[in-house]
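First up is the structure itself, then whatever we jot down about it.
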Amino acid sequence: MKTYDVSCPCCGHRNKDLYLEETEGWMECEKCGEVTQVSKHFEKRVKVPVFRMEDLGKVMAAGLI
Ligand SMILES: [Zn+2]
């Protein structure tokens, strides 16, 4: 199973090797104990390459002019 490293939105502590798929994105910070759902954050990360490809196209178009 894949694990994720997630920074706590409350204290910023980096929680490593979390099984987010098993908990549906919920994680408990090992430092401050705050329970948060972070699934939306890693869904956004999956979509990032799409935006990067768009930006790359604009950069290439600008470079041709
Ligand atoms: Zn925390």
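Just so we're on the same page: first chain in the structure tokens is A, next is B, and so on; residues restart at 1 for each chain, and ligands are numbered from 1 in the order they show up.
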Next item on the list: Taking only C-alpha atoms and all ligand atoms into account, report as number ranges by chain which residues have an atom no farther than 12 Å from an atom of ligand 1.
Entry: A: 6-15, 27-36
Serialized selection, C-alpha atoms, as a CSV table (one decimal), in the first residue's frame:
chain,number,residue,atom,x,y,z
A,6,VAL,CA,1.7,15.2,5.0
A,7,SER,CA,2.4,18.4,6.8
A,8,CYS,CA,-0.1,19.1,9.6
A,9,PRO,CA,-2.2,22.2,8.8
A,10,CYS,CA,-2.3,23.1,12.5
A,11,CYS,CA,1.3,22.9,13.6
A,12,GLY,CA,3.2,22.3,10.4
A,13,HIS,CA,4.7,19.1,11.7
A,14,ARG,CA,5.6,16.6,8.9
A,15,ASN,CA,3.9,13.3,9.4
A,27,MET,CA,-4.7,11.6,9.7
A,28,GLU,CA,-3.8,12.3,13.3
A,29,CYS,CA,-0.8,14.5,13.8
A,30,GLU,CA,1.8,12.7,15.8
A,31,LYS,CA,3.0,16.0,17.3
A,32,CYS,CA,-0.2,18.0,18.3
A,33,GLY,CA,-2.8,15.2,18.0
A,34,GLU,CA,-5.1,17.2,15.7
A,35,VAL,CA,-7.2,15.0,13.5
A,36,THR,CA,-7.7,16.4,9.9
Next item on the list: Mind giving me the straight-line distance from CA of Met1 in chain A to CA of Leu20 in chain A in Å, one decimal?
Entry: 9.7 Å
Check: Any idea what's packed within 7 Å of Leu18 in chain A, counting only C-alpha atoms, ignoring anything in its chain fewer than 6 positions away? Could you give it as a VMD selection string?
Finding: chain A and resid 3 to 5
For the residues in that selection, give me N, CA and C atoms as a PDB file, in the first residue's frame.
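Final output, saved to again23.pdb:
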ATOM      1  N   THR A   3       2.129   4.980   0.827  1.00  0.00           N
ATOM      2  CA  THR A   3       2.102   5.871   1.988  1.00  0.00           C
ATOM      3  C   THR A   3       2.373   7.305   1.545  1.00  0.00           C
ATOM      4  N   TYR A   4       1.928   8.245   2.381  1.00  0.00           N
ATOM      5  CA  TYR A   4       2.067   9.660   2.047  1.00  0.00           C
ATOM      6  C   TYR A   4       2.733  10.408   3.188  1.00  0.00           C
ATOM      7  N   ASP A   5       3.490  11.447   2.824  1.00  0.00           N
ATOM      8  CA  ASP A   5       4.035  12.378   3.809  1.00  0.00           C
ATOM      9  C   ASP A   5       3.172  13.636   3.773  1.00  0.00           C
TER      10      ASP A   5
END
Margin query: Please report the interatomic distance between CA of Leu56 in chain A and CA of Val38 in chain A in Å with one decimal.
Written below: 28.2 Å
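Summary of the local environment: counting only C-alpha atoms, residues at most 8 Å from Gln37 in chain A, other than itself and those fewer than 3 positions away along its chain, are Glu24, Gly25, Trp26, Met27 and Lys40 of chain A.
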Given the selection you just returned, output its residues as a file containing C-alpha atoms, formatted as a PDB file, in the first residue's frame.
ATOM      1  CA  GLU A  24      -9.919   7.950   3.391  1.00  0.00           C
ATOM      2  CA  GLY A  25      -7.566  10.874   3.864  1.00  0.00           C
ATOM      3  CA  TRP A  26      -7.890  11.245   7.631  1.00  0.00           C
ATOM      4  CA  MET A  27      -4.736  11.575   9.658  1.00  0.00           C
ATOM      5  CA  LYS A  40      -8.492  16.935  -0.845  1.00  0.00           C
TER       6      LYS A  40
END
